[in-house]
Each structure stands twice: as structure tokens, then as C-alpha cells.
>>> print(open('data-v3.tsv').read())   # TSV, C-alpha atoms
chain	number	residue	atom	x	y	z
A	324	MET	CA	-3.61	25.51	3.83
A	325	SER	CA	-1.65	25.49	0.62
A	326	VAL	CA	0.26	22.54	-0.76
A	327	ARG	CA	3.51	24.21	0.28
A	328	ASP	CA	2.38	24.40	3.91
A	329	ARG	CA	1.92	20.64	4.22
A	330	THR	CA	4.60	18.69	5.96
A	331	PRO	CA	6.09	16.07	3.66
A	332	ARG	CA	4.96	12.50	4.16
A	333	PRO	CA	7.57	10.32	5.78
A	334	PRO	CA	9.13	7.89	3.35
A	335	SER	CA	7.43	4.52	3.39
A	336	SER	CA	9.15	1.19	3.54
A	337	ARG	CA	10.46	-0.20	0.26
A	338	TYR	CA	9.51	-3.79	1.14
A	339	ILE	CA	6.72	-5.55	-0.72
A	340	THR	CA	5.46	-9.10	-1.18
A	341	PRO	CA	5.77	-10.78	-4.60
A	342	ALA	CA	1.98	-10.51	-5.09
A	343	GLY	CA	2.06	-6.81	-4.23
A	344	ALA	CA	4.91	-6.15	-6.66
A	345	LYS	CA	3.05	-8.00	-9.42
A	346	LYS	CA	-0.07	-5.94	-8.77
A	347	LEU	CA	1.89	-2.67	-9.10
A	348	ARG	CA	3.65	-3.85	-12.27
A	349	ASP	CA	0.30	-4.97	-13.74
A	350	GLU	CA	-1.22	-1.55	-12.99
A	351	LEU	CA	1.75	0.18	-14.61
A	352	ASP	CA	1.46	-2.03	-17.69
A	353	TRP	CA	-2.33	-1.48	-17.91
A	354	LEU	CA	-1.96	2.30	-17.68
A	355	VAL	CA	0.70	2.33	-20.43
A	356	THR	CA	-0.89	-0.15	-22.84
A	357	VAL	CA	-4.63	0.29	-22.30
A	358	GLU	CA	-5.81	3.28	-20.28
A	359	ARG	CA	-3.52	6.06	-21.50
A	360	PRO	CA	-3.99	5.23	-25.22
A	361	ARG	CA	-7.78	5.01	-24.69
A	362	VAL	CA	-7.96	8.40	-22.96
A	363	THR	CA	-5.57	9.95	-25.50
A	364	GLN	CA	-7.92	8.85	-28.29
A	365	GLN	CA	-10.92	10.28	-26.42
A	366	VAL	CA	-9.11	13.63	-26.06
A	367	ALA	CA	-8.23	13.63	-29.77
A	368	ASP	CA	-11.85	12.87	-30.68
A	369	ALA	CA	-13.12	15.63	-28.38
A	370	ALA	CA	-10.57	18.11	-29.77
A	371	ALA	CA	-11.77	17.37	-33.30
A	372	LEU	CA	-15.22	18.67	-32.35
A	373	GLY	CA	-13.96	22.25	-32.33
A	374	ASP	CA	-14.06	24.79	-29.49
A	375	ARG	CA	-12.03	23.35	-26.64
A	376	SER	CA	-12.80	26.05	-24.07
A	377	GLU	CA	-16.30	24.73	-23.34
A	378	ASN	CA	-15.80	21.13	-24.41
A	379	ALA	CA	-16.38	19.10	-21.24
A	380	GLU	CA	-15.13	15.85	-22.76
A	381	TYR	CA	-11.89	17.52	-23.85
A	382	ILE	CA	-11.35	19.23	-20.48
A	383	TYR	CA	-12.12	16.05	-18.53
A	384	GLY	CA	-9.91	13.97	-20.84
A	385	LYS	CA	-6.94	16.32	-20.39
A	386	ARG	CA	-7.42	16.23	-16.62
A	387	ARG	CA	-7.59	12.42	-16.72
A	388	LEU	CA	-4.39	12.28	-18.79
A	389	ARG	CA	-2.59	14.39	-16.16
A	390	GLU	CA	-3.82	12.01	-13.44
A	391	ILE	CA	-2.62	9.00	-15.44
A	392	ASP	CA	0.77	10.60	-16.08
A	393	ARG	CA	1.24	11.39	-12.38
A	394	ARG	CA	0.34	7.82	-11.46
A	395	LEU	CA	2.67	6.45	-14.15
A	396	GLU	CA	5.53	8.57	-12.85
A	397	PHE	CA	4.88	7.44	-9.27
A	398	LEU	CA	4.58	3.75	-10.22
A	399	ALA	CA	7.71	3.79	-12.37
A	400	ARG	CA	9.78	5.26	-9.53
A	401	ARG	CA	8.14	3.07	-6.89
A	402	VAL	CA	8.52	-0.23	-8.78
A	403	GLU	CA	12.19	0.57	-9.41
A	404	ALA	CA	12.84	1.24	-5.70
A	405	LEU	CA	10.94	-1.73	-4.23
A	406	VAL	CA	12.59	-4.66	-2.50
A	407	VAL	CA	10.56	-7.83	-3.07
A	408	VAL	CA	10.71	-10.09	-0.01
A	409	THR	CA	10.33	-13.71	-1.10
A	410	ASP	CA	11.84	-15.73	1.72
A	411	PRO	CA	10.74	-16.01	5.34
A	412	PRO	CA	13.29	-14.89	7.94
A	413	ALA	CA	15.97	-17.28	9.20
A	414	ASP	CA	14.11	-17.41	12.53
A	415	PRO	CA	10.45	-18.18	11.70
A	416	GLY	CA	9.44	-17.69	15.33
A	417	ARG	CA	10.32	-14.00	15.17
A	418	ILE	CA	7.85	-11.48	13.71
A	419	ALA	CA	9.18	-9.89	10.52
A	420	PHE	CA	7.87	-8.58	7.21
A	421	GLY	CA	5.32	-10.95	5.65
A	422	ALA	CA	4.33	-12.61	8.93
A	423	TRP	CA	0.80	-13.57	9.85
A	424	VAL	CA	0.47	-12.56	13.50
A	425	LYS	CA	-2.37	-13.64	15.77
A	426	LEU	CA	-2.94	-11.32	18.74
A	427	GLU	CA	-5.14	-11.55	21.80
A	428	ASP	CA	-6.30	-8.35	23.48
A	429	GLU	CA	-6.97	-7.76	27.18
A	430	ASP	CA	-10.58	-8.98	26.76
A	431	GLY	CA	-9.52	-12.29	25.20
A	432	GLU	CA	-10.58	-11.25	21.67
A	433	GLU	CA	-8.31	-12.56	18.92
A	434	VAL	CA	-7.36	-10.77	15.74
A	435	GLU	CA	-4.95	-11.76	12.97
A	436	TYR	CA	-2.84	-9.40	10.87
A	437	ARG	CA	-0.39	-9.86	8.05
A	438	ILE	CA	2.49	-7.39	7.91
A	439	VAL	CA	2.85	-6.20	4.30
A	440	GLY	CA	4.28	-3.26	2.36
A	441	ALA	CA	2.83	0.23	2.42
A	442	ASP	CA	1.59	-0.21	-1.16
A	443	GLU	CA	-0.51	-3.28	-0.41
A	444	PHE	CA	-2.07	-2.82	3.03
A	445	ASP	CA	-5.80	-3.51	3.32
A	446	PRO	CA	-7.27	-3.36	6.84
A	447	LYS	CA	-10.50	-5.03	5.66
A	448	ILE	CA	-8.63	-8.30	5.13
A	449	GLY	CA	-6.20	-7.85	8.02
A	450	TRP	CA	-3.20	-6.67	6.01
A	451	ILE	CA	-1.37	-3.89	7.86
A	452	SER	CA	1.49	-1.75	6.62
A	453	VAL	CA	4.95	-2.49	7.96
A	454	ASP	CA	5.06	1.27	8.66
A	455	SER	CA	1.94	1.22	10.89
A	456	PRO	CA	2.24	1.66	14.67
A	457	VAL	CA	0.92	-1.88	15.26
A	458	ALA	CA	3.42	-3.48	12.87
A	459	ARG	CA	6.32	-1.43	14.23
A	460	ALA	CA	5.44	-2.58	17.75
A	461	LEU	CA	5.26	-6.23	16.61
A	462	LEU	CA	8.47	-6.47	14.57
A	463	GLY	CA	11.07	-8.61	16.32
A	464	ARG	CA	8.61	-10.00	18.88
A	465	ARG	CA	7.81	-13.68	19.43
A	466	ASP	CA	4.91	-15.90	20.42
A	467	GLY	CA	3.95	-15.11	24.02
A	468	ASP	CA	5.34	-11.56	24.04
A	469	GLU	CA	3.17	-8.68	25.22
A	470	VAL	CA	2.98	-5.60	23.03
A	471	THR	CA	1.56	-2.18	23.88
A	472	VAL	CA	0.40	-0.06	20.96
A	473	GLN	CA	-0.41	3.64	21.19
A	474	ARG	CA	-3.69	4.35	19.41
A	475	PRO	CA	-5.70	7.56	19.04
A	476	LYS	CA	-8.19	6.31	21.63
A	477	GLY	CA	-5.50	5.19	24.07
A	478	ALA	CA	-2.95	2.46	24.54
A	479	ALA	CA	-3.88	-1.16	23.87
A	480	THR	CA	-1.99	-4.21	25.09
A	481	TYR	CA	-1.90	-7.41	23.07
A	482	THR	CA	-0.32	-10.82	23.58
A	483	VAL	CA	1.21	-12.54	20.55
A	484	VAL	CA	-0.46	-15.97	20.34
A	485	GLY	CA	0.76	-17.07	16.91
A	486	VAL	CA	3.33	-16.29	14.22
A	487	ARG	CA	3.49	-17.95	10.82
A	488	TYR	CA	4.66	-17.27	7.29
A	489	GLY	CA	3.29	-18.10	3.85
A	490	ASP	CA	-0.06	-17.63	2.20
A	491	ARG	CA	-3.10	-17.87	4.46
>>> encode(input="data-v3.tsv", output="C-alpha cells")
Amino acid sequence: MSVRDRTPRPPSSRYITPAGAKKLRDELDWLVTVERPRVTQQVADAAALGDRSENAEYIYGKRRLREIDRRLEFLARRVEALVVVTDPPADPGRIAFGAWVKLEDEDGEEVEYRIVGADEFDPKIGWISVDSPVARALLGRRDGDEVTVQRPKGAATYTVVGVRYGDR
């Protein structure tokens, strides 16, 4: 399958937490001020050695510069388009972006998720993207509501047992 045959990814949400926005801005700054100049110098040093056609350091460095430039372009556009959500919703009992949501499954097992932006999700720590099926099913719900989520291995039903906002 060629790149042209791939269906385009759906646009992700523009919402992000203040910590997530800072992390993206810090990465952008690091790439511009530290990483790109370092790799550029490595490429210049490798080019000074002579034949570039079989110079692995030169070839790798040029490839790395292209990767950095693509990431810089993405980050610059993304940071510009983001909407940083700083305040909890007017109704703190309703699930919205930034909420910590405690769910209980049909077996009585509890799990807690935080609904965050697509650029900052991390399932290992319970942060799920606002664009995920679970988050989409939860948005607008309240404590005590039942939610059914379609998963690859079948539907799962959860009961919302807690909603809160703020850091941990």
C-alpha cells in the first residue's frame, strides 16, 4: 500500500491541558535551539570528511535533519492551533475535557481515567484522548450514569462512580 492509498487520519481535537501545551512548546524550543544545531554541526563535520555517497554519518545526519524539520513543522502548526483549557466547566458534576473519571465495570472493578488532548494521552497512567471511543462515550455524562463503549473485543458497560477536576 502506498502513502497515497492511505485514508487520511481524522482531525484530532485542538484541546490540550496547560501542562500538555507547555510540553509541546518545550519540545519545539529544544528542537530549534539544541537538537537541530547539534545535528547540523554533525552533518557539516561529516561532509568535511570528503565522499558523501558512502559516508554513513553524513547520510544518517541528513535523514535526522529531515525528521527534525518535519517534527518542527508539525509542532509549529499544532501549537498555533491548540486551545489550552485552563478552567473546569461551569457544571463540575458533568464530564468534560480535563475530568478525572472513575468507572466501575460489570465485575465491580474500578478504573480511573483523565480525559486529555490527543497530543498528551498516555494509557499507562490513565490519560485517554478526548477523541477516544471511551472519552467520547463519557463526555456529558454524570456520576451514576451507565455508559456502553464499543471495543474491538465487544461492548463494555461501565457505571460512572466519580467525576472530579484538577491535578490528581
>>> closest_atom_pairs(input="data-v3.tsv", of="range 441-473 of chain A", to="range 335-345 of chain A", cutoff="7 Å", atoms="all atoms listed in the file", output="tab-separated table")
residue	atom	partner	partner_atom	distance
A:Ala441	CA	A:Ser335	CA	6.4
A:Glu443	CA	A:Gly343	CA	5.8
A:Asp454	CA	A:Ser336	CA	6.6
>>> atom_distance(input="data-v3.tsv", atom1="CA of Asp468 in chain A", atom2="CA of Ile438 in chain A")
16.9 Å
>>> closest_residue(input="data-v3.tsv", among="A:Val434, A:Leu461, A:Ala399, A:Val472", to="Ile448 in chain A", atoms="all atoms listed in the file")
A:Val434
>>> atom_distance(input="data-v3.tsv", atom1="CA of Glu427 in chain A", atom2="CA of Asp466 in chain A")
11.0 Å
>>> closest_residue(input="data-v3.tsv", among="A:Lys385, A:Lys476, A:Arg375, A:Arg348", to="Phe397 in chain A", atoms="all atoms listed in the file")
A:Arg348
>>> atom_distance(input="data-v3.tsv", atom1="CA of Lys425 in chain A", atom2="CA of Pro411 in chain A")
16.9 Å
>>> closest_residue(input="data-v3.tsv", among="A:Arg474, A:Val407, A:Ala413, A:Thr480", to="Asp442 in chain A", atoms="only C-alpha atoms")
A:Val407
>>> residues_around(input="data-v3.tsv", residues="Ile451 in chain A", least_positions_apart="6", cutoff="7 Å", atoms="all atoms listed in the file", output="VMD selection string")
chain A and resid 436 to 439 444 to 445 458
>>> residues_around(input="data-v3.tsv", residues="Glu350 in chain A", least_positions_apart="6", cutoff="10 Å", atoms="all atoms listed in the file", output="number ranges by chain")
A: 344, 356, 358, 394-395, 398
>>> closest_residue(input="data-v3.tsv", among="A:Tyr383, A:Arg393, A:Ile418, A:Trp353", to="Ala369 in chain A", atoms="only C-alpha atoms")
A:Tyr383
>>> residues_around(input="data-v3.tsv", residues="Tyr481 in chain A", least_positions_apart="5", cutoff="6 Å", atoms="all atoms listed in the file", output="list in words")
Leu426, Glu427, Asp428, Glu469 and Val470 of chain A
>>> axis_aligned_box(input="data-v3.tsv", around="range 368-387 of chain A", padding_each_side="5 Å", output="AutoDock Vina command-line options")
--center_x -11.7 --center_y 19.2 --center_z -25.0 --size_x 19.4 --size_y 23.6 --size_z 26.7
>>> residues_around(input="data-v3.tsv", residues="Ala419 in chain A", least_positions_apart="3", cutoff="12 Å", atoms="only C-alpha atoms", output="PDB file with C-alpha atoms, in the frame of the given file")
ATOM      1  CA  TYR A 338       9.510  -3.790   1.140  1.00  0.00           C
ATOM      2  CA  VAL A 408      10.710 -10.090  -0.010  1.00  0.00           C
ATOM      3  CA  ASP A 410      11.840 -15.730   1.720  1.00  0.00           C
ATOM      4  CA  PRO A 411      10.740 -16.010   5.340  1.00  0.00           C
ATOM      5  CA  PRO A 412      13.290 -14.890   7.940  1.00  0.00           C
ATOM      6  CA  ALA A 413      15.970 -17.280   9.200  1.00  0.00           C
ATOM      7  CA  ASP A 414      14.110 -17.410  12.530  1.00  0.00           C
ATOM      8  CA  PRO A 415      10.450 -18.180  11.700  1.00  0.00           C
ATOM      9  CA  GLY A 416       9.440 -17.690  15.330  1.00  0.00           C
ATOM     10  CA  ALA A 422       4.330 -12.610   8.930  1.00  0.00           C
ATOM     11  CA  TRP A 423       0.800 -13.570   9.850  1.00  0.00           C
ATOM     12  CA  VAL A 424       0.470 -12.560  13.500  1.00  0.00           C
ATOM     13  CA  ARG A 437      -0.390  -9.860   8.050  1.00  0.00           C
ATOM     14  CA  ILE A 438       2.490  -7.390   7.910  1.00  0.00           C
ATOM     15  CA  VAL A 439       2.850  -6.200   4.300  1.00  0.00           C
ATOM     16  CA  GLY A 440       4.280  -3.260   2.360  1.00  0.00           C
ATOM     17  CA  SER A 452       1.490  -1.750   6.620  1.00  0.00           C
ATOM     18  CA  VAL A 453       4.950  -2.490   7.960  1.00  0.00           C
ATOM     19  CA  ALA A 458       3.420  -3.480  12.870  1.00  0.00           C
ATOM     20  CA  ARG A 459       6.320  -1.430  14.230  1.00  0.00           C
ATOM     21  CA  ALA A 460       5.440  -2.580  17.750  1.00  0.00           C
ATOM     22  CA  LEU A 461       5.260  -6.230  16.610  1.00  0.00           C
ATOM     23  CA  LEU A 462       8.470  -6.470  14.570  1.00  0.00           C
ATOM     24  CA  GLY A 463      11.070  -8.610  16.320  1.00  0.00           C
ATOM     25  CA  ARG A 464       8.610 -10.000  18.880  1.00  0.00           C
ATOM     26  CA  ARG A 465       7.810 -13.680  19.430  1.00  0.00           C
ATOM     27  CA  VAL A 486       3.330 -16.290  14.220  1.00  0.00           C
ATOM     28  CA  ARG A 487       3.490 -17.950  10.820  1.00  0.00           C
ATOM     29  CA  TYR A 488       4.660 -17.270   7.290  1.00  0.00           C
TER      30      TYR A 488
END
>>> residues_around(input="data-v3.tsv", residues="Gln473 in chain A", least_positions_apart="5", cutoff="9 Å", atoms="only C-alpha atoms", output="PDB file with C-alpha atoms, in the frame of the given file")
ATOM      1  CA  PRO A 456       2.240   1.660  14.670  1.00  0.00           C
ATOM      2  CA  VAL A 457       0.920  -1.880  15.260  1.00  0.00           C
ATOM      3  CA  ALA A 478      -2.950   2.460  24.540  1.00  0.00           C
ATOM      4  CA  ALA A 479      -3.880  -1.160  23.870  1.00  0.00           C
ATOM      5  CA  THR A 480      -1.990  -4.210  25.090  1.00  0.00           C
TER       6      THR A 480
END
